[in-house]
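Shown here: structure.txt, compact mmCIF, C-alpha atoms and all ligand atoms.
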```
# COMPACT_ATOMS: atom_id res chain seq x y z
CA MET A 1 119.72 69.87 90.94
CA LEU A 2 119.99 72.97 88.81
CA TYR A 3 120.17 75.45 91.67
CA SER A 4 122.17 75.26 94.89
CA GLU A 5 120.44 75.40 98.26
CA LYS A 6 121.92 78.85 98.79
CA VAL A 7 120.42 80.15 95.55
CA MET A 8 117.02 78.75 96.55
CA ASP A 9 117.33 80.25 100.04
CA HIS A 10 118.21 83.72 98.77
CA PHE A 11 115.49 83.49 96.13
CA MET A 12 112.79 82.41 98.60
CA ASN A 13 113.98 84.70 101.43
CA PRO A 14 115.86 87.54 99.83
CA ARG A 15 117.83 89.78 102.21
CA ASN A 16 117.80 93.57 101.97
CA VAL A 17 114.76 93.92 99.72
CA GLY A 18 113.31 97.40 99.44
CA LYS A 19 114.26 100.95 98.96
CA ILE A 20 116.18 103.62 100.89
CA GLU A 21 114.40 106.95 100.57
CA ASP A 22 117.40 109.16 101.41
CA ALA A 23 119.99 106.96 99.72
CA ASP A 24 123.48 108.36 99.12
CA GLY A 25 123.80 106.44 95.88
CA VAL A 26 121.27 104.77 93.59
CA GLY A 27 122.14 102.46 90.74
CA GLU A 28 119.98 100.93 88.09
CA VAL A 29 120.95 98.50 85.37
CA GLY A 30 119.07 96.32 82.97
CA ASN A 31 119.89 93.46 80.69
CA ALA A 32 118.47 94.13 77.24
CA LYS A 33 118.35 90.45 76.35
CA CYS A 34 116.25 89.10 79.21
CA GLY A 35 114.65 92.43 80.15
CA ASP A 36 115.49 92.09 83.84
CA ILE A 37 116.09 95.27 85.84
CA MET A 38 117.92 95.77 89.12
CA LYS A 39 118.02 98.79 91.37
CA ILE A 40 120.43 99.26 94.29
CA TYR A 41 120.24 101.86 97.06
CA LEU A 42 123.27 102.63 99.22
CA LYS A 43 123.68 104.47 102.47
CA ILE A 44 127.28 105.52 102.98
CA ASP A 45 128.91 106.89 106.11
CA ASP A 46 132.60 107.51 106.52
CA ASP A 47 133.43 105.49 103.40
CA VAL A 48 131.51 102.49 104.72
CA VAL A 49 128.35 100.99 103.20
CA THR A 50 126.16 101.17 106.28
CA ASP A 51 122.98 100.06 104.54
CA VAL A 52 121.99 98.65 101.19
CA LYS A 53 118.66 97.65 99.68
CA PHE A 54 117.61 96.35 96.32
CA GLU A 55 114.62 96.05 94.04
CA THR A 56 114.89 93.48 91.30
CA PHE A 57 112.37 92.89 88.58
CA GLY A 58 113.78 89.74 87.17
CA CYS A 59 114.44 86.06 87.34
CA GLY A 60 115.11 84.00 90.45
CA SER A 61 118.86 84.00 89.92
CA ALA A 62 118.84 87.79 89.63
CA ILE A 63 116.97 88.03 92.94
CA ALA A 64 119.34 85.55 94.63
CA SER A 65 122.36 87.38 93.17
CA SER A 66 121.20 90.79 94.36
CA SER A 67 120.39 89.41 97.79
CA MET A 68 123.83 87.80 98.10
CA ALA A 69 125.65 90.81 96.60
CA THR A 70 124.02 93.19 99.09
CA GLU A 71 125.01 90.86 101.96
CA LEU A 72 128.59 90.82 100.68
CA ILE A 73 128.98 94.61 100.69
CA LYS A 74 126.93 95.53 103.76
CA GLY A 75 129.18 96.96 106.46
CA LYS A 76 132.17 96.92 104.11
CA SER A 77 134.28 99.84 102.92
CA ILE A 78 133.47 101.49 99.60
CA ASP A 79 136.78 100.19 98.30
CA SER A 80 135.90 96.59 98.93
CA ALA A 81 132.39 97.13 97.51
CA LEU A 82 134.03 98.47 94.35
CA GLU A 83 136.11 95.32 94.12
CA LEU A 84 133.14 92.98 94.28
CA THR A 85 133.17 90.69 91.27
CA ASN A 86 130.29 88.70 89.88
CA GLN A 87 132.49 85.65 90.40
CA ALA A 88 132.51 86.32 94.14
CA VAL A 89 128.71 86.47 94.08
CA VAL A 90 128.51 83.19 92.15
CA GLU A 91 130.92 81.52 94.58
CA ALA A 92 129.02 82.77 97.61
CA LEU A 93 125.87 81.25 96.08
CA ASP A 94 127.66 77.91 95.55
CA GLY A 95 127.39 78.38 91.82
CA LEU A 96 124.89 79.34 89.17
CA PRO A 97 124.07 77.50 85.95
CA GLN A 98 126.11 78.76 83.00
CA HIS A 99 123.17 80.50 81.32
CA LYS A 100 122.44 82.36 84.59
CA ILE A 101 125.88 83.84 85.13
CA HIS A 102 124.75 87.13 83.58
CA CYS A 103 122.29 87.54 86.48
CA SER A 104 125.24 87.87 88.87
CA VAL A 105 126.87 90.36 86.49
CA LEU A 106 123.75 92.48 86.75
CA ALA A 107 124.09 92.58 90.56
CA LYS A 108 127.74 93.63 90.40
CA ASP A 109 126.97 96.27 87.76
CA ALA A 110 124.08 97.71 89.77
CA ILE A 111 126.36 98.13 92.80
CA LYS A 112 129.02 99.81 90.66
CA ASP A 113 126.38 102.10 89.19
CA ALA A 114 125.18 103.08 92.68
CA LEU A 115 128.77 103.81 93.75
CA ASP A 116 129.27 105.91 90.61
CA ASP A 117 126.16 107.85 91.56
CA TYR A 118 127.57 108.38 95.05
CA TYR A 119 130.86 109.66 93.64
CA SER A 120 129.09 111.99 91.23
CA LYS A 121 127.26 113.51 94.21
CA HIS A 122 130.45 113.59 96.32
CA PRO A 123 133.24 114.45 93.88
CA GLU A 124 135.54 115.20 96.82
CA LYS A 125 135.47 111.46 97.67
CA ALA A 126 136.54 110.34 94.21
CA LYS A 127 140.15 109.27 93.91
FE1 LIG B 201 118.45 87.87 83.03
FE2 LIG B 201 118.41 86.48 85.19
S1 LIG B 201 117.65 85.88 83.26
S2 LIG B 201 118.99 88.54 84.99
```
Would you put the structure from the file into structure tokens?
Ligand code: FES
Amino acid sequence: MLYSEKVMDHFMNPRNVGKIEDADGVGEVGNAKCGDIMKIYLKIDDDVVTDVKFETFGCGSAIASSSMATELIKGKSIDSALELTNQAVVEALDGLPQHKIHCSVLAKDAIKDALDDYYSKHPEKAK
């Protein structure tokens, strides 16, 4: 089986899909090679990611990765969200095929981009 049950589950029933209108940080990244695009919206209160949503125009692994990545940072501190690695996303999904690893990188990068956006709007929070 190419994909784990967890990947299939998060692909068929992605968590946290959508958009946050009054987001505190928005990130968008794309992969030039495959053309997939991922957008992440963050709500941040007291240095905690209180809500997160994503929109992904991409492959199944990109959707599963964004779903899992949003689950991994929801309710966590900004610091731990910043530390999220694509490897952690892959592990939480019980693995991805080698040629799909970049999909998890996209999810991590989109979260970092959204946090950068948050910091640029709240320079007093930047360390
Ligand atoms: Fe490019 Fe999945 S094939 S993000």
Query - Contacts with ligand LIG 201 (chain B) at most 12 Å, only C-alpha atoms and all ligand atoms counted, listed as a VMD selection string - result: chain A and resid 11 29 to 38 56 to 66 96 to 110
**Report entry** Point (129.2, 86.8, 95.7) neighbourhood (9 Å, all atoms listed in the file) written as a PyMOL selection string
**Finding:** chain A and resi 65+68-72+84-93+104+108
Query raised in the report: Can you find the residues with an atom no farther than 12 Å from (124.2, 103.4, 100.3), counting all atoms listed in the file, and report them as a PyMOL selection string?
Result: chain A and resi 16+19-27+39-54+70+73-78+81+110-119
**Report entry** d(CA of Asp9 in chain A, CA of Asp79 in chain A) in Å
**Finding:**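 Answer for the CA of Asp9 in chain A to CA of Asp79 in chain A separation: 27.9 Å.
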Query raised in the report: What is the CA of Glu5 in chain A to CA of Asp94 in chain A distance in Å?
Result: 8.1 Å
Query - Nearest-residue call for His10 in chain A, choices A:Ala126, A:Glu28, A:Ser67, A:Leu82, using only C-alpha atoms - result: A:Ser67
